[in-house]
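Single-structure report; data block below.
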Number of protein chains: 6
Amino acid sequence: MEKKLDLLALGEVLMRLSPVQNERLTQCATLEKQIGGAELNVVAGAVNLGLSAGIISKIPQHMIGDYAEQEICRNKVSTEYLAKDRESGARLGLYYYEYGANPRKPQVVYDRKNSSMYRICEQDFPEEMYSAARCFHTSGITLGLGGKVRETALEMIKKFKKNGALISFDVNFRGNLWSGVEARECITRILPLVDIFFCSESTARLTFGKEGNIKEILKSFADEYDLQVVAATRRTVHSPKLHTFDSIAYERKSSCYYEENPYENIDVVDRIGSGDAYISGFLYGLLKENGGCQEAVEYGNAAGALKNTVCGDILLTTPGEIEEIIRSHHSTGIDFELKR
Amino acid sequence: MEKKLDLLALGEVLMRLSPVQNERLTQCATLEKQIGGAELNVVAGAVNLGLSAGIISKIPQHMIGDYAEQEICRNKVSTEYLAKDRESGARLGLYYYEYGANPRKPQVVYDRKNSSMYRICEQDFPEEMYSAARCFHTSGITLGLGGKVRETALEMIKKFKKNGALISFDVNFRGNLWSGVEARECITRILPLVDIFFCSESTARLTFGKEGNIKEILKSFADEYDLQVVAATRRTVHSPKLHTFDSIAYERKSSCYYEENPYENIDVVDRIGSGDAYISGFLYGLLKENGGCQEAVEYGNAAGALKNTVCGDILLTTPGEIEEIIRSHHSTGIDFELKR
Amino acid sequence: MEKKLDLLALGEVLMRLSPVQNERLTQCATLEKQIGGAELNVVAGAVNLGLSAGIISKIPQHMIGDYAEQEICRNKVSTEYLAKDRESGARLGLYYYEYGANPRKPQVVYDRKNSSMYRICEQDFPEEMYSAARCFHTSGITLGLGGKVRETALEMIKKFKKNGALISFDVNFRGNLWSGVEARECITRILPLVDIFFCSESTARLTFGKEGNIKEILKSFADEYDLQVVAATRRTVHSPKLHTFDSIAYERKSSCYYEENPYENIDVVDRIGSGDAYISGFLYGLLKENGGCQEAVEYGNAAGALKNTVCGDILLTTPGEIEEIIRSHHSTGIDFELKR
Amino acid sequence: MEKKLDLLALGEVLMRLSPVQNERLTQCATLEKQIGGAELNVVAGAVNLGLSAGIISKIPQHMIGDYAEQEICRNKVSTEYLAKDRESGARLGLYYYEYGANPRKPQVVYDRKNSSMYRICEQDFPEEMYSAARCFHTSGITLGLGGKVRETALEMIKKFKKNGALISFDVNFRGNLWSGVEARECITRILPLVDIFFCSESTARLTFGKEGNIKEILKSFADEYDLQVVAATRRTVHSPKLHTFDSIAYERKSSCYYEENPYENIDVVDRIGSGDAYISGFLYGLLKENGGCQEAVEYGNAAGALKNTVCGDILLTTPGEIEEIIRSHHSTGIDFELKR
Amino acid sequence: MEKKLDLLALGEVLMRLSPVQNERLTQCATLEKQIGGAELNVVAGAVNLGLSAGIISKIPQHMIGDYAEQEICRNKVSTEYLAKDRESGARLGLYYYEYGANPRKPQVVYDRKNSSMYRICEQDFPEEMYSAARCFHTSGITLGLGGKVRETALEMIKKFKKNGALISFDVNFRGNLWSGVEARECITRILPLVDIFFCSESTARLTFGKEGNIKEILKSFADEYDLQVVAATRRTVHSPKLHTFDSIAYERKSSCYYEENPYENIDVVDRIGSGDAYISGFLYGLLKENGGCQEAVEYGNAAGALKNTVCGDILLTTPGEIEEIIRSHHSTGIDFELKR
Amino acid sequence: MEKKLDLLALGEVLMRLSPVQNERLTQCATLEKQIGGAELNVVAGAVNLGLSAGIISKIPQHMIGDYAEQEICRNKVSTEYLAKDRESGARLGLYYYEYGANPRKPQVVYDRKNSSMYRICEQDFPEEMYSAARCFHTSGITLGLGGKVRETALEMIKKFKKNGALISFDVNFRGNLWSGVEARECITRILPLVDIFFCSESTARLTFGKEGNIKEILKSFADEYDLQVVAATRRTVHSPKLHTFDSIAYERKSSCYYEENPYENIDVVDRIGSGDAYISGFLYGLLKENGGCQEAVEYGNAAGALKNTVCGDILLTTPGEIEEIIRSHHSTGIDFELKR
């Protein structure tokens, strides 16, 4: 049966406020405003790469909420399952981001508590939603919001699974939302439902107590919870403005590992959302026609690397551009330096 | 006994985020950030006019709180009684402001709930604070925040009164914070402690049920609660960009009314804080050497009119400038049109 | 039978480049970029007011075309019938706009020749399109582009008409596109197919040779071509920054004229698109539930007046806001001056 | 004998630094930089209207001087007689300008002392310069700089006069440069050499002790010093953003007065340089083919009114535009409101 | 016989529109506008280095054309041979430029078809033009525009040659303008008239079928067409923000090759026009007093390297600065890091 | 006896005007304005690190002076000893700064002559000032201003010394202010009064004729003038955007040298004031509780490195941040790359 969308994700929509490039938050006269949020970034990136996708979330019914909705529409992400919070005092969660410059690290100040997302509930959405997508994605950030959000997320995972959707989950551990122990307990509870699992090496070790090298860790997750694919990104930070990026994935079915040469000397314009863009690319590589783990890793790496060069949380790109990034990355001959 | 400061005010410090002049909140790429808050506006304006003053408030201990503190310092407002909220998740209240253009009205979206101000308590401040100022000012907005904030405010009024400070109170009714009934009940409870009272004619009628003309209303307040002075501003809005502004005050001691020709054809650059600037000017006129009600009204009107021409919530001016505005307003002869 | 959309319009999508407010085009360092076009403005405004609508047009398949498409999506206008021009050298038509200040008039420099719109043809669109909307709108600008565009437009009018859509047409005469004689000949040919007709008084006189007062002119059009409604806007330009705006409509069925008090003292932020916004409001008033000519005129006037206060070609608003503008316009009592 | 240029003017080149429109100088994060100076404004405006003209001045040989020179070139003003100051510590005079908004007046802070202009001397320029122009212009500002500048200016007036140039002089009295007594003594010394004289009514009264109405004052100047033409502008300041502007001129030869309906409701974007633009227009009207006093007043008024709508000190316009402003000003019928 | 100018170049004047540094064209709210064009860049750079030079081109007679002309004047490039296109619909060619960040390459979207340049013809220029310059320069871009532009260019080359000017030609192959075959055929036809020839190694190989190392290629061109000098630049692109740049030239007369240590670690702010700036420097080194091939290469390399650090298409510099760049490049001792 | 402040410094307050990052001074449309000055930078940095400090200086009593004062207040630097210059024509010294990009070096154009600072005298300050601080700091720039400024500085050094303050002195040699011979003569006269001495290696060699390696140089200064500590910073400039920074200090009492691993790969956002920030950190490390030379060098290096990443002349930071920079610099294990 044909699904309406390739991908639906549940997560909070946030407004990001950041100074123009190198200024400090305490000194800047203006703030650039942008829309993001881990899961929104994943679906928006996926749409820009070629999938059809939508966001499941709740935003306030006022001008700031309208702004968020319009930005989501701008990225052609479906807002069919974007609930509106009409209560007085409804707020859009936000965060302040200060860019880094070696030896000063980038910094985030969160102000997301008590946002409209905290009032999300199953009744905000129609039952047909659960059969509307081939794949459902959420992350540990959503679970970490706790309370009703977590409950709703857990219920949604079950319902989407039941309706035949692939379940994709990114641990995305944030110590300021919950403790490692709480995260571990909650996530291990849903892992049996998960098909595609993203977890960084350090979180695997610190939160899940995994040991061995990264390959052993990935395999261990896959075997323990019968996951189809497990992937981990690797980022080397030479400076806040210069990174190296790649990843490794393990497919249970084939018992194969997938990786390729890293993207080096990435000119980091804006690192926020590059991990999410990796997932956009990964899911695109997996879900596209003739896709698979090799494609997932290649599109994931290219998308993650490319996102670092794009302002804002969301991977702004086109299918043609990502193909060219990959082709250029694999090319060994002479390459033009300017597209015209 | 000589007091350390002329004026102390209790109120929330807010960050204002607004588009560049005429853009809508949904469309602008950047937001100008500024610091305001009714009572902060009053003390900052008063300092810029020549008084010494400080703010009593609570702000978060992170970059956004630091920004607020630095802006307060920039205006030479004492931060000695500015408490820091070191809890994780501490937030600075904020509001979004969209400028109007006839027939589109200016709009505010508040996001001030659960800010650090909500955690203020008497223990945040030393006892010597209550004898540090000649005058204490707060407003209905602070009381309207409710809970611990209101309790703290009520206690502070009592303590400052006991220590010989003049008590200044601005009703500043906001329907989105509390109901008229709740406001009336709370405010009438503190009115017996108040010396200088500011209330708009419409609030006097709607919330306090006053009748008669504005002179009768002012006198009725003064007589009923034994207030030294009661004042009300009058604003005629020809368009969001063109106002007329003046005020009237009643002094109980002399049974006199004070008013003067209104400021007409005010080029409104930013109306926010013009009512607070009026209070800055009024208190300056009252508390300055050889001050009195006549001076209070003249400085209040000039400060209120001038504030409309200044970007941001706070009256940026100098003592010399306000004198010149008043002189020019009263002048009947030829006047230069450019200061050089 | 239920139609998919309320409104579809055919017209060119243009990029507007303008200096920041008061600078001259020869001096400004940067240009603000925005998306507009007479018919796009109509549908975008209509969507923002509450209709469902789409644009029929052709844009280039490159970054500038992508920008246009994203802005259209942002306004929730359907892009289902937005054709892509994949030829090398494809271009988006553009125009430069300089704001005026009395006695300097606003100025436009067009650079729209040979854009992708000039390559539009019926084969770019599926046949089902003609039965997708309750109303089809286009204007004399589209016809004035000439050649294949005009042919396509004429064919579309016929097909939409045949499929039961209301045909809405705005003369929008532009002397730089075609002569009055050519316009008259072409437009009178399609008028028998038109249901809702918009024509300014001066164009009616100069181009169509109408005589008598405005009421006689409107009636004469309606009678001659069996039009359901004919409407004309009236704009008094006190200065490029201060307008008065209203309109008059004649309904043939009822032989009634509809008008109301004009919107006076409009603070003109950006006059471009205010005539189009009038049509957005007019069609909304006509097509909405329980709509009619009275509603058409009221929503049209409010939308036209409001657009003047909004940056860019498109009426950015919400259904709630327009209701409030109308309510406030009709209100005679005291009105608040700031929404919070 | 054909002269190389229509006009040469002696005067200081200044850099103006001003906040974006409505901000105060104490609060703005950035300053717009522009080039001006009374006499430069006159020649630049004249070139933009159609004359050929050059500036006689001295500027530093460093990046800020280069900036000034490039802006002068941009306006096609000849820099052939622009001397360079190669001394270490050479500086370009500057001033800070804050826009006004009623009741806050525009303000200037000068920082022009000890600039390269103060080191100007006759040896900086070739003798052929004195026969290079049909008309030489300078103002009381240049004389008011005192010392070597004044001496040089007086010598230049004599030499240009001797070489057959018309001498144009604008009193432009600035109390911060010299006293009225000093100005009067100096200017009356050169008046016998002057052909075209500009003096405001208030300066005529206060500094030169003239009495009677404006017509009597103009005639009295012309008769006393055998001046060809004497002109005075009139500016009514309704607010810093709204002016009325016109002028009156007296021609000795014909004993005629020239004036016309004032330009009313001028949207003042930037009033600086509007008096200089008047002189640009006046000299253009006088020096152009078939020009005369009537043309001088009409072009002067239009140029002065138009300048108020243009950012920066210099009248940015074209010959075609000024013709249209005049035509529109004199037109009584219907007029289009937008040039396209 | 003394020529009026050192250099005249024929080429299109383009407006460049680019986002602020790192934004994408699809997301930016404003575009920076700048003037460029391969041959204009060459003459403007040459003027900034110390030559006298002019541009031969055709631009529209409207505000955008005026803007272009003013920018050309600002760079002190002679506009004596800048023809005006007064036809309605005249347009200035333009291009959109997006800066790159590794692994995202810089991108250009051209919109230059049907510009005023396409209407250039010999009748637009006086015959004396052909004897006005010591050197005439044009490039393959101008020839690639085809039709009347190419014809005009070929005629001009012949006439300038006949009048004793050195002929400088830059291949500057652009695949989007013409095919390699067409370019080769056209260019080999004019090579017998050329004195100074610029061709990149890759174009030499791909378009002209040259083989061997770069030295052999340069010599082969010089020998085959009796060229005085042939030069090729070399650019190594470590990232769009980090380049290495140098060049090699061959002089036929002396049979010598000229090169020097490359400029390494160039902080690329804006790569556009760096190849043109190389030619500015090369021609300056050749045409200046006591110039020659060694100077040509040194000034060319310094100019090309420096241009990469300057915003916009044009090399903004001074004779003193380029000398210092060269001195610093050749210096082996300690060097200051900040000029003050 | 407890002193009121930890630190007081004497020095000029300057306004810096610089283009947005990469533009040239000749091309930028706006200039960012900031406040700096070597000694102000030292005290402002010190306050931001945790000391209490004030500036001794003289600024004009007008809007530009007010701006400077407000920025100083913003940094919580005491303005108790900031004298006001009320003379007409009073000016704030300023300098223009152009950022560099390899191979283009950063450039400064000074315009500081005849500023209000040149009119400073002892009578501007109360006698109690000399006993108000634990440490007094000034630099060779202040002495280099000459005349009354130098005399005043020399007197202040003596008085602070007499009142028990530590005397800190930074040579900060500027060839555009005085000659090396004049500097040497003046500075060696005050060195017997100095306790903490900062001198770069190159100045030590060129101006003071020191020989041997840097350790020998430092020791030689300390021994010759009985200095408590002598320190020198080392900066390696890979490009204007990439530096390495460290320092070495010698303590006479312990005969020990202090140094640590350099900060490498510093992303230089703004190098101005990094040497001053080093002194801020050094003095903080020395004067803080349990401070000493080791702490001085560590805080100095971190502060100097960090300043390079901060826009403006002043080290904007917090005590917590600097601790983290140091911890991270010394850390050898895995480190997070983003603070959230």
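Labels for the structure tokens follow display order: chains A, B, ..., residues from 1 in each chain, ligands from 1.
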With the cut-off set at 8 Å and counting only C-alpha atoms, tabulate each residue of chain C with an atom at most that distance from an atom of chain A, showing the nearest atom pair and its distance in Å to one decimal, ordered by chain and increasing number, as a tab-separated table.
```
residue	atom	partner	partner_atom	distance
C:Gln70	CA	A:Arg74	CA	4.9
C:Glu71	CA	A:Arg74	CA	6.3
C:Ile72	CA	A:Arg74	CA	7.6
C:Cys73	CA	A:Arg74	CA	5.0
C:Arg74	CA	A:Arg74	CA	4.2
C:Asn75	CA	A:Gln70	CA	6.8
C:Lys76	CA	A:Cys73	CA	6.7
```
Among range 106-237 of chain F, which ones does DSSP assign to helix (DSSP H, G or I) (computed from the backbone)? Answer as number ranges by chain. F: 116-119, 122-124, 127-131, 140-144, 147-162, 180-193, 201-206, 214-225
Just want the 7 Å neighbourhood of range 86-95 of chain F, counted on only C-alpha atoms, with same-chain residues fewer than 3 positions away dropped. Output as a VMD selection string. (chain D and resid 111) or (chain F and resid 14 to 17 59 to 61 65 108 to 113 115 to 116)
Using only C-alpha atoms, please write the residues we just selected to a file, as a short mmCIF file (atom, residue, chain, number, x, y, z; two decimals), in the first residue's frame.
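Contents of part-v4.cif, as written:
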```cif
data_model
loop_
_atom_site.label_atom_id
_atom_site.label_comp_id
_atom_site.auth_asym_id
_atom_site.auth_seq_id
_atom_site.Cartn_x
_atom_site.Cartn_y
_atom_site.Cartn_z
CA ASP D 111 34.86 67.53 14.68
CA LEU F 14 39.25 56.26 21.66
CA MET F 15 36.38 55.52 19.33
CA ARG F 16 37.19 52.90 16.74
CA LEU F 17 35.42 52.96 13.39
CA ILE F 59 36.39 62.89 27.29
CA PRO F 60 34.19 65.52 25.66
CA GLN F 61 30.84 66.55 27.14
CA GLY F 65 31.65 61.53 24.72
CA VAL F 108 45.00 51.62 11.13
CA VAL F 109 44.47 55.29 10.31
CA TYR F 110 44.76 57.41 13.46
CA ASP F 111 42.87 60.63 14.04
CA ARG F 112 43.59 61.20 17.72
CA LYS F 113 45.46 64.49 17.79
CA SER F 115 41.45 65.24 21.55
CA SER F 116 40.08 66.04 25.01
#
```
Contacts of range 302-306 of chain B at 6 Å (only C-alpha atoms; same-chain gap of 2+ positions) as a count of residues only: 8
Could you pull the residues within 9 Å of range 224-233 of chain F, counting only C-alpha atoms, minus those fewer than 4 positions along the same chain, as a PyMOL selection string? chain F and resi 188+191-201+214+218-220+245-253+275+278+293+297+301
Write the residues of the selection above to a file with N, CA and C atoms, as an mmCIF file, in the first residue's frame.
```
data_model
loop_
_atom_site.group_PDB
_atom_site.id
_atom_site.type_symbol
_atom_site.label_atom_id
_atom_site.label_comp_id
_atom_site.auth_asym_id
_atom_site.auth_seq_id
_atom_site.Cartn_x
_atom_site.Cartn_y
_atom_site.Cartn_z
ATOM 1 N N THR F 188 62.935 55.029 30.626
ATOM 2 C CA THR F 188 63.974 54.634 31.589
ATOM 3 C C THR F 188 63.928 55.542 32.820
ATOM 4 N N LEU F 191 61.213 53.856 34.978
ATOM 5 C CA LEU F 191 61.350 52.428 35.313
ATOM 6 C C LEU F 191 61.704 52.182 36.785
ATOM 7 N N PRO F 192 62.482 53.051 37.430
ATOM 8 C CA PRO F 192 62.750 52.802 38.860
ATOM 9 C C PRO F 192 61.492 52.785 39.723
ATOM 10 N N LEU F 193 60.416 53.366 39.222
ATOM 11 C CA LEU F 193 59.161 53.373 39.988
ATOM 12 C C LEU F 193 58.264 52.176 39.668
ATOM 13 N N VAL F 194 58.616 51.476 38.596
ATOM 14 C CA VAL F 194 57.733 50.431 38.082
ATOM 15 C C VAL F 194 57.917 49.105 38.823
ATOM 16 N N ASP F 195 56.788 48.387 39.014
ATOM 17 C CA ASP F 195 56.855 47.060 39.635
ATOM 18 C C ASP F 195 56.641 45.947 38.617
ATOM 19 N N ILE F 196 55.672 46.163 37.716
ATOM 20 C CA ILE F 196 55.298 45.140 36.737
ATOM 21 C C ILE F 196 55.512 45.756 35.371
ATOM 22 N N PHE F 197 56.331 45.097 34.558
ATOM 23 C CA PHE F 197 56.775 45.722 33.314
ATOM 24 C C PHE F 197 56.507 44.804 32.132
ATOM 25 N N PHE F 198 55.857 45.353 31.108
ATOM 26 C CA PHE F 198 55.558 44.586 29.899
ATOM 27 C C PHE F 198 56.308 45.202 28.724
ATOM 28 N N CYS F 199 57.061 44.380 28.019
ATOM 29 C CA CYS F 199 57.833 44.895 26.888
ATOM 30 C C CYS F 199 58.020 43.778 25.873
ATOM 31 N N SER F 200 57.711 44.034 24.616
ATOM 32 C CA SER F 200 57.903 42.976 23.611
ATOM 33 C C SER F 200 59.384 42.799 23.319
ATOM 34 N N GLU F 201 59.740 41.630 22.840
ATOM 35 C CA GLU F 201 61.146 41.340 22.557
ATOM 36 C C GLU F 201 61.694 42.320 21.522
ATOM 37 N N ILE F 214 65.443 36.005 24.902
ATOM 38 C CA ILE F 214 64.350 36.699 25.588
ATOM 39 C C ILE F 214 64.476 36.573 27.106
ATOM 40 N N LEU F 218 64.602 39.748 29.696
ATOM 41 C CA LEU F 218 63.671 39.985 30.805
ATOM 42 C C LEU F 218 64.440 40.175 32.104
ATOM 43 N N LYS F 219 65.395 39.270 32.330
ATOM 44 C CA LYS F 219 66.181 39.341 33.574
ATOM 45 C C LYS F 219 66.956 40.659 33.637
ATOM 46 N N SER F 220 67.510 41.062 32.515
ATOM 47 C CA SER F 220 68.300 42.281 32.483
ATOM 48 C C SER F 220 67.465 43.490 32.890
ATOM 49 N N PHE F 245 49.758 32.316 20.017
ATOM 50 C CA PHE F 245 50.004 33.334 21.039
ATOM 51 C C PHE F 245 50.499 32.683 22.314
ATOM 52 N N ASP F 246 51.592 33.224 22.878
ATOM 53 C CA ASP F 246 51.949 32.855 24.247
ATOM 54 C C ASP F 246 52.827 33.954 24.832
ATOM 55 N N SER F 247 53.461 33.678 25.975
ATOM 56 C CA SER F 247 54.234 34.721 26.643
ATOM 57 C C SER F 247 55.239 34.084 27.587
ATOM 58 N N ILE F 248 56.126 34.907 28.080
ATOM 59 C CA ILE F 248 57.079 34.459 29.093
ATOM 60 C C ILE F 248 57.229 35.588 30.107
ATOM 61 N N ALA F 249 57.327 35.198 31.384
ATOM 62 C CA ALA F 249 57.480 36.211 32.438
ATOM 63 C C ALA F 249 58.656 35.816 33.342
ATOM 64 N N TYR F 250 59.299 36.810 33.884
ATOM 65 C CA TYR F 250 60.400 36.580 34.834
ATOM 66 C C TYR F 250 60.068 37.292 36.135
ATOM 67 N N GLU F 251 60.158 36.547 37.213
ATOM 68 C CA GLU F 251 59.916 37.145 38.528
ATOM 69 C C GLU F 251 61.247 37.314 39.225
ATOM 70 N N ARG F 252 61.541 38.532 39.655
ATOM 71 C CA ARG F 252 62.861 38.804 40.234
ATOM 72 C C ARG F 252 63.034 38.099 41.569
ATOM 73 N N LYS F 253 62.027 38.201 42.415
ATOM 74 C CA LYS F 253 62.064 37.626 43.772
ATOM 75 C C LYS F 253 62.487 36.155 43.754
ATOM 76 N N GLY F 275 46.842 42.281 23.065
ATOM 77 C CA GLY F 275 47.975 42.537 23.963
ATOM 78 C C GLY F 275 47.488 43.169 25.266
ATOM 79 N N TYR F 278 45.948 40.569 27.402
ATOM 80 C CA TYR F 278 46.986 39.785 28.087
ATOM 81 C C TYR F 278 47.298 40.440 29.427
ATOM 82 N N CYS F 293 52.771 34.582 39.844
ATOM 83 C CA CYS F 293 53.273 34.692 38.485
ATOM 84 C C CYS F 293 52.757 33.572 37.592
ATOM 85 N N VAL F 297 50.638 34.387 34.175
ATOM 86 C CA VAL F 297 50.940 33.959 32.811
ATOM 87 C C VAL F 297 49.780 33.161 32.219
ATOM 88 N N ASN F 301 47.786 34.569 29.094
ATOM 89 C CA ASN F 301 47.750 33.865 27.803
ATOM 90 C C ASN F 301 46.320 33.585 27.360
#
```
What's around range 119-124 of chain B at 9 Å? Count only C-alpha atoms, leave out sequence neighbours fewer than 3 positions away in its own chain, and write the answer as a PyMOL selection string. chain B and resi 57-58+81-85+114-116+127+148-149+151-153+155-156
What would the file look like if the residues just selected were written as a PDB file, in the first residue's frame with N, CA and C atoms?
```
ATOM      1  N   SER B  57      15.404  43.566  41.087  1.00  0.00           N
ATOM      2  CA  SER B  57      14.857  42.555  40.184  1.00  0.00           C
ATOM      3  C   SER B  57      15.681  41.280  40.288  1.00  0.00           C
ATOM      4  N   LYS B  58      15.332  40.293  39.458  1.00  0.00           N
ATOM      5  CA  LYS B  58      16.094  39.040  39.440  1.00  0.00           C
ATOM      6  C   LYS B  58      16.240  38.582  37.995  1.00  0.00           C
ATOM      7  N   TYR B  81      21.097  45.916  43.694  1.00  0.00           N
ATOM      8  CA  TYR B  81      20.001  45.059  44.172  1.00  0.00           C
ATOM      9  C   TYR B  81      19.394  44.245  43.028  1.00  0.00           C
ATOM     10  N   LEU B  82      20.265  43.840  42.131  1.00  0.00           N
ATOM     11  CA  LEU B  82      19.837  43.015  41.011  1.00  0.00           C
ATOM     12  C   LEU B  82      20.267  41.577  41.333  1.00  0.00           C
ATOM     13  N   ALA B  83      19.306  40.751  41.711  1.00  0.00           N
ATOM     14  CA  ALA B  83      19.652  39.380  42.119  1.00  0.00           C
ATOM     15  C   ALA B  83      19.871  38.486  40.904  1.00  0.00           C
ATOM     16  N   LYS B  84      20.716  37.468  41.081  1.00  0.00           N
ATOM     17  CA  LYS B  84      21.003  36.538  40.001  1.00  0.00           C
ATOM     18  C   LYS B  84      20.335  35.193  40.252  1.00  0.00           C
ATOM     19  N   ASP B  85      19.747  34.659  39.217  1.00  0.00           N
ATOM     20  CA  ASP B  85      19.099  33.347  39.299  1.00  0.00           C
ATOM     21  C   ASP B  85      20.071  32.322  38.718  1.00  0.00           C
ATOM     22  N   ASN B 114       7.233  32.370  33.862  1.00  0.00           N
ATOM     23  CA  ASN B 114       8.274  31.489  34.413  1.00  0.00           C
ATOM     24  C   ASN B 114       9.687  32.046  34.282  1.00  0.00           C
ATOM     25  N   SER B 115       9.790  33.352  34.186  1.00  0.00           N
ATOM     26  CA  SER B 115      11.126  33.948  34.119  1.00  0.00           C
ATOM     27  C   SER B 115      11.758  33.960  35.509  1.00  0.00           C
ATOM     28  N   SER B 116      13.008  34.337  35.574  1.00  0.00           N
ATOM     29  CA  SER B 116      13.710  34.421  36.864  1.00  0.00           C
ATOM     30  C   SER B 116      12.996  35.347  37.819  1.00  0.00           C
ATOM     31  N   GLU B 127      18.732  43.809  54.099  1.00  0.00           N
ATOM     32  CA  GLU B 127      17.801  44.695  54.817  1.00  0.00           C
ATOM     33  C   GLU B 127      18.124  46.172  54.598  1.00  0.00           C
ATOM     34  N   LYS B 148       4.563  34.631  44.297  1.00  0.00           N
ATOM     35  CA  LYS B 148       5.648  35.097  45.128  1.00  0.00           C
ATOM     36  C   LYS B 148       6.052  36.528  44.786  1.00  0.00           C
ATOM     37  N   VAL B 149       5.908  36.882  43.511  1.00  0.00           N
ATOM     38  CA  VAL B 149       6.278  38.236  43.112  1.00  0.00           C
ATOM     39  C   VAL B 149       5.382  39.254  43.801  1.00  0.00           C
ATOM     40  N   GLU B 151       3.586  38.891  46.551  1.00  0.00           N
ATOM     41  CA  GLU B 151       3.880  38.895  47.993  1.00  0.00           C
ATOM     42  C   GLU B 151       5.113  39.722  48.311  1.00  0.00           C
ATOM     43  N   THR B 152       6.152  39.463  47.533  1.00  0.00           N
ATOM     44  CA  THR B 152       7.401  40.182  47.752  1.00  0.00           C
ATOM     45  C   THR B 152       7.194  41.671  47.564  1.00  0.00           C
ATOM     46  N   ALA B 153       6.458  42.023  46.508  1.00  0.00           N
ATOM     47  CA  ALA B 153       6.216  43.431  46.223  1.00  0.00           C
ATOM     48  C   ALA B 153       5.467  44.093  47.378  1.00  0.00           C
ATOM     49  N   GLU B 155       5.355  43.193  50.501  1.00  0.00           N
ATOM     50  CA  GLU B 155       6.245  43.322  51.668  1.00  0.00           C
ATOM     51  C   GLU B 155       7.209  44.494  51.486  1.00  0.00           C
ATOM     52  N   MET B 156       7.740  44.633  50.264  1.00  0.00           N
ATOM     53  CA  MET B 156       8.708  45.702  50.009  1.00  0.00           C
ATOM     54  C   MET B 156       8.064  47.082  50.172  1.00  0.00           C
TER      55      MET B 156
END
```
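Scanning range 113-151 of chain E with DSSP on the backbone, the strand (DSSP E or B) assignments fall on Ala133, Arg134, Cys135, Phe136, His137, Thr138 and Ser139 of chain E.
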For Ile325 in chain B, please output as an MDAnalysis selection string all residues within 7 Å (counting only C-alpha atoms; exclusion window: fewer than 3 positions along the same chain). (chainID B and resid 302 321:322 328:329) or (chainID D and resid 103)
Using C-alpha atoms, can you write the selected residues to a file as a PDB file, in the first residue's frame?
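File written: part.pdb
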```
ATOM      1  CA  ALA B 302       8.494  66.477  28.041  1.00  0.00           C
ATOM      2  CA  GLU B 321      18.278  68.067  26.428  1.00  0.00           C
ATOM      3  CA  ILE B 322      15.116  67.839  28.497  1.00  0.00           C
ATOM      4  CA  SER B 328      11.287  75.127  23.244  1.00  0.00           C
ATOM      5  CA  HIS B 329       7.782  73.880  24.108  1.00  0.00           C
TER       6      HIS B 329
ATOM      7  CA  PRO D 103       9.860  67.290  19.521  1.00  0.00           C
TER       8      PRO D 103
END
```
